Amino acid sequence: MRIAIIGAGNVGGTLGTAWAQKAGHEIFFGVRNPTSDQTQAVVRRLGGKAQAGTPAQAAPFAEFIVLTTPWNAAEAAIRSMGDLKGKILLDATNPLAMGPDGLGLEIGHDISAGEKVQAWATGASVFKALNTTGFGNMADPVFRGVKSVMFVAGDDTANKPRVIALVAALGFEVVDAGPLRNARLLEAHAMLWIELAIKRGLGRDWAFAIVRR
Ligand SMILES: NC(=O)c1ccc[n+]([C@@H]2O[C@H](COP(=O)([O-])OP(=O)(O)OC[C@H]3O[C@@H](n4cnc5c(N)ncnc54)[C@H](OP(=O)(O)O)[C@@H]3O)[C@@H](O)[C@H]2O)c1
């Protein structure tokens, strides 16, 4: 399968590597500066499985597009991709900003980054996914034999099973978290992971999982 990943940093580089190496998918990274050392290092690591260009070059390559830019670059990145009609876009961003209490969510409760991404990405089908754990866990989501959880929220029920399969190929237990408006919950959930990891001393090497009776 062909996947365009917008951004080749912590999250983009990790996801591209995992999909190429675990599932054999072909990756096209779309970044502002495709010749940067960071982007070229990932492309080299993946050999013939990856290439890099601008977002406008990456988007037509694939039906699946994964947005992994900083939140303050998300709108520009989406607009720079051009026509997104018929594309399936996974939004991994979190709307983070520094506030009076330190790092927090810039928006929430009555709107989410996922819904804003859908408004900017005209014609695309947007899913919120891959935002609720650290990038290290995206490389290795299994803890002592237990899959950590990843949620997928989106309104396009016809394509949701394909998105769930794509995320599951990384090694997560994937849970359908309902419509895209539930991105409001998933972004707050991500903020809890960040709070615990960074401010409360848990570090980055843990994840949320579903346990059942
Ligand atoms: N870090 C985590 O553990 C984690 C976990 C879950 C979700 N997230 C979310 O995922 C997003 C990315 O985080 P990150 O840690 O991967 O950030 P990062 O390491 O800073 O990488 C950001 C990437 O976005 C690219 N970029 C910036 N502006 C762009 C634009 N206009 N068009 C295309 N590409 C652009 C950058 O490349 P150029 O500058 O070359 O364009 C870079 O490759 C954030 O929204 C974050 O909240 C992060």
# chains A, B, ... in the order shown; residues from 1 in each chain; ligands from 1
$ residues_near_ligand --ligand "ligand 1" --cutoff "7 Å" --atoms "only C-alpha atoms and all ligand atoms" --output "number ranges by chain"
A: 6-12, 30-34, 36, 39, 55, 68-71, 73-74, 76-77, 92-96, 130-136
$ residues_around --residues "region 167-183 of chain A" --least-positions-apart "5" --cutoff "6 Å" --atoms "only C-alpha atoms" --output "PyMOL selection string"
chain A and resi 112+114+128+141+147-155
$ residues_around --residues "Gln51 (chain A)" --least-positions-apart "3" --cutoff "8 Å" --atoms "only C-alpha atoms" --output "VMD selection string"
chain A and resid 27 to 29 43 48
$ write_last_selection --atoms "N, CA and C atoms" --output "short mmCIF file (atom, residue, chain, number, x, y, z; two decimals), in the first residue's frame"
data_model
loop_
_atom_site.label_atom_id
_atom_site.label_comp_id
_atom_site.auth_asym_id
_atom_site.auth_seq_id
_atom_site.Cartn_x
_atom_site.Cartn_y
_atom_site.Cartn_z
N ILE A 27 6.35 4.41 1.21
CA ILE A 27 6.17 5.67 1.93
C ILE A 27 6.69 6.85 1.10
N PHE A 28 5.91 7.92 1.07
CA PHE A 28 6.36 9.18 0.45
C PHE A 28 6.23 10.26 1.52
N PHE A 29 7.37 10.73 2.03
CA PHE A 29 7.35 11.80 3.03
C PHE A 29 7.18 13.15 2.33
N VAL A 43 14.86 8.37 4.81
CA VAL A 43 14.72 7.82 3.46
C VAL A 43 15.82 6.80 3.20
N GLY A 48 14.73 1.38 -0.79
CA GLY A 48 13.80 1.64 -1.89
C GLY A 48 12.35 1.80 -1.46
#
$ closest_residue --among "A:Ala207, A:Met81, A:Ala50, A:Ala188" --to "Val146 (chain A)" --atoms "only C-alpha atoms"
A:Ala207
$ select_by_dssp --residues "region 19-100 of chain A" --states "helix (DSSP H, G or I)" --output "number ranges by chain"
A: 19-23, 37-45, 47-49, 55-61, 71-80
$ select_by_dssp --residues "region 161-208 of chain A" --states "strand (DSSP E or B)" --output "ChimeraX atom specification"
/A:173-176
$ decode --residues "region 42-58 of chain A" --atoms "all heavy atoms" --output "short mmCIF file (atom, residue, chain, number, x, y, z; two decimals), in the first residue's frame"
data_model
loop_
_atom_site.label_atom_id
_atom_site.label_comp_id
_atom_site.auth_asym_id
_atom_site.auth_seq_id
_atom_site.Cartn_x
_atom_site.Cartn_y
_atom_site.Cartn_z
N VAL A 42 16.03 9.26 7.19
CA VAL A 42 14.93 8.26 7.22
C VAL A 42 14.80 7.59 5.86
O VAL A 42 14.64 6.37 5.77
CB VAL A 42 13.59 8.93 7.60
CG1 VAL A 42 12.50 7.88 7.74
CG2 VAL A 42 13.71 9.72 8.87
N VAL A 43 14.86 8.37 4.81
CA VAL A 43 14.72 7.82 3.46
C VAL A 43 15.82 6.80 3.20
O VAL A 43 15.58 5.69 2.68
CB VAL A 43 14.74 8.95 2.41
CG1 VAL A 43 14.86 8.38 0.99
CG2 VAL A 43 13.48 9.81 2.53
N ARG A 44 17.05 7.13 3.59
CA ARG A 44 18.18 6.20 3.39
C ARG A 44 17.95 4.90 4.15
O ARG A 44 18.18 3.80 3.65
CB ARG A 44 19.48 6.86 3.84
CG ARG A 44 20.26 7.56 2.72
CD ARG A 44 21.70 7.80 3.13
NE ARG A 44 21.82 8.47 4.41
CZ ARG A 44 21.74 9.78 4.59
NH1 ARG A 44 21.52 10.57 3.56
NH2 ARG A 44 21.86 10.32 5.79
N ARG A 45 17.46 5.06 5.40
CA ARG A 45 17.25 3.89 6.25
C ARG A 45 16.26 2.91 5.62
O ARG A 45 16.36 1.71 5.80
CB ARG A 45 16.73 4.36 7.62
CG ARG A 45 16.68 3.30 8.68
CD ARG A 45 16.52 3.92 10.07
NE ARG A 45 15.22 4.51 10.29
CZ ARG A 45 15.01 5.71 10.83
NH1 ARG A 45 16.03 6.46 11.22
NH2 ARG A 45 13.80 6.19 11.00
N LEU A 46 15.29 3.44 4.88
CA LEU A 46 14.24 2.58 4.32
C LEU A 46 14.55 2.11 2.91
O LEU A 46 13.72 1.43 2.27
CB LEU A 46 12.90 3.33 4.36
CG LEU A 46 12.44 3.66 5.78
CD1 LEU A 46 11.09 4.33 5.76
CD2 LEU A 46 12.39 2.40 6.64
N GLY A 47 15.72 2.48 2.41
CA GLY A 47 16.12 2.00 1.09
C GLY A 47 15.08 2.35 0.04
O GLY A 47 14.57 3.45 0.00
N GLY A 48 14.73 1.38 -0.79
CA GLY A 48 13.80 1.64 -1.89
C GLY A 48 12.35 1.80 -1.46
O GLY A 48 11.48 2.04 -2.28
N LYS A 49 12.07 1.66 -0.16
CA LYS A 49 10.68 1.70 0.31
C LYS A 49 10.18 3.12 0.56
O LYS A 49 9.00 3.32 0.87
CB LYS A 49 10.55 0.90 1.60
CG LYS A 49 10.46 -0.60 1.37
CD LYS A 49 9.07 -0.96 0.87
CE LYS A 49 8.93 -2.41 0.54
NZ LYS A 49 7.73 -2.64 -0.30
N ALA A 50 11.08 4.13 0.51
CA ALA A 50 10.65 5.48 0.86
C ALA A 50 11.28 6.51 -0.06
O ALA A 50 12.36 6.31 -0.59
CB ALA A 50 11.01 5.78 2.32
N GLN A 51 10.55 7.60 -0.23
CA GLN A 51 11.09 8.76 -0.94
C GLN A 51 10.57 10.01 -0.24
O GLN A 51 9.69 9.93 0.62
CB GLN A 51 10.68 8.75 -2.41
CG GLN A 51 9.18 8.66 -2.62
CD GLN A 51 8.82 8.48 -4.10
OE1 GLN A 51 9.27 9.21 -4.96
NE2 GLN A 51 7.99 7.47 -4.38
N ALA A 52 11.12 11.15 -0.61
CA ALA A 52 10.69 12.41 0.02
C ALA A 52 10.53 13.48 -1.04
O ALA A 52 11.25 13.50 -2.04
CB ALA A 52 11.70 12.85 1.08
N GLY A 53 9.58 14.37 -0.79
CA GLY A 53 9.34 15.50 -1.68
C GLY A 53 8.53 16.53 -0.92
O GLY A 53 8.49 16.52 0.32
N THR A 54 7.89 17.40 -1.65
CA THR A 54 7.03 18.39 -0.99
C THR A 54 5.68 17.74 -0.67
O THR A 54 5.34 16.69 -1.25
CB THR A 54 6.79 19.57 -1.93
OG1 THR A 54 6.09 19.08 -3.09
CG2 THR A 54 8.11 20.23 -2.34
N PRO A 55 4.88 18.37 0.18
CA PRO A 55 3.53 17.84 0.42
C PRO A 55 2.72 17.74 -0.87
O PRO A 55 1.95 16.78 -1.05
CB PRO A 55 2.94 18.85 1.41
CG PRO A 55 4.12 19.36 2.17
CD PRO A 55 5.22 19.46 1.14
N ALA A 56 2.90 18.69 -1.78
CA ALA A 56 2.15 18.66 -3.05
C ALA A 56 2.57 17.47 -3.90
O ALA A 56 1.77 16.96 -4.69
CB ALA A 56 2.37 19.96 -3.82
N GLN A 57 3.81 17.02 -3.77
CA GLN A 57 4.25 15.83 -4.51
C GLN A 57 3.81 14.55 -3.79
O GLN A 57 3.51 13.54 -4.43
CB GLN A 57 5.78 15.84 -4.65
CG GLN A 57 6.30 16.93 -5.55
CD GLN A 57 7.82 17.10 -5.45
OE1 GLN A 57 8.42 16.91 -4.39
NE2 GLN A 57 8.43 17.47 -6.56
N ALA A 58 3.80 14.59 -2.47
CA ALA A 58 3.48 13.38 -1.71
C ALA A 58 2.00 13.01 -1.80
O ALA A 58 1.66 11.83 -1.93
CB ALA A 58 3.88 13.57 -0.24
#
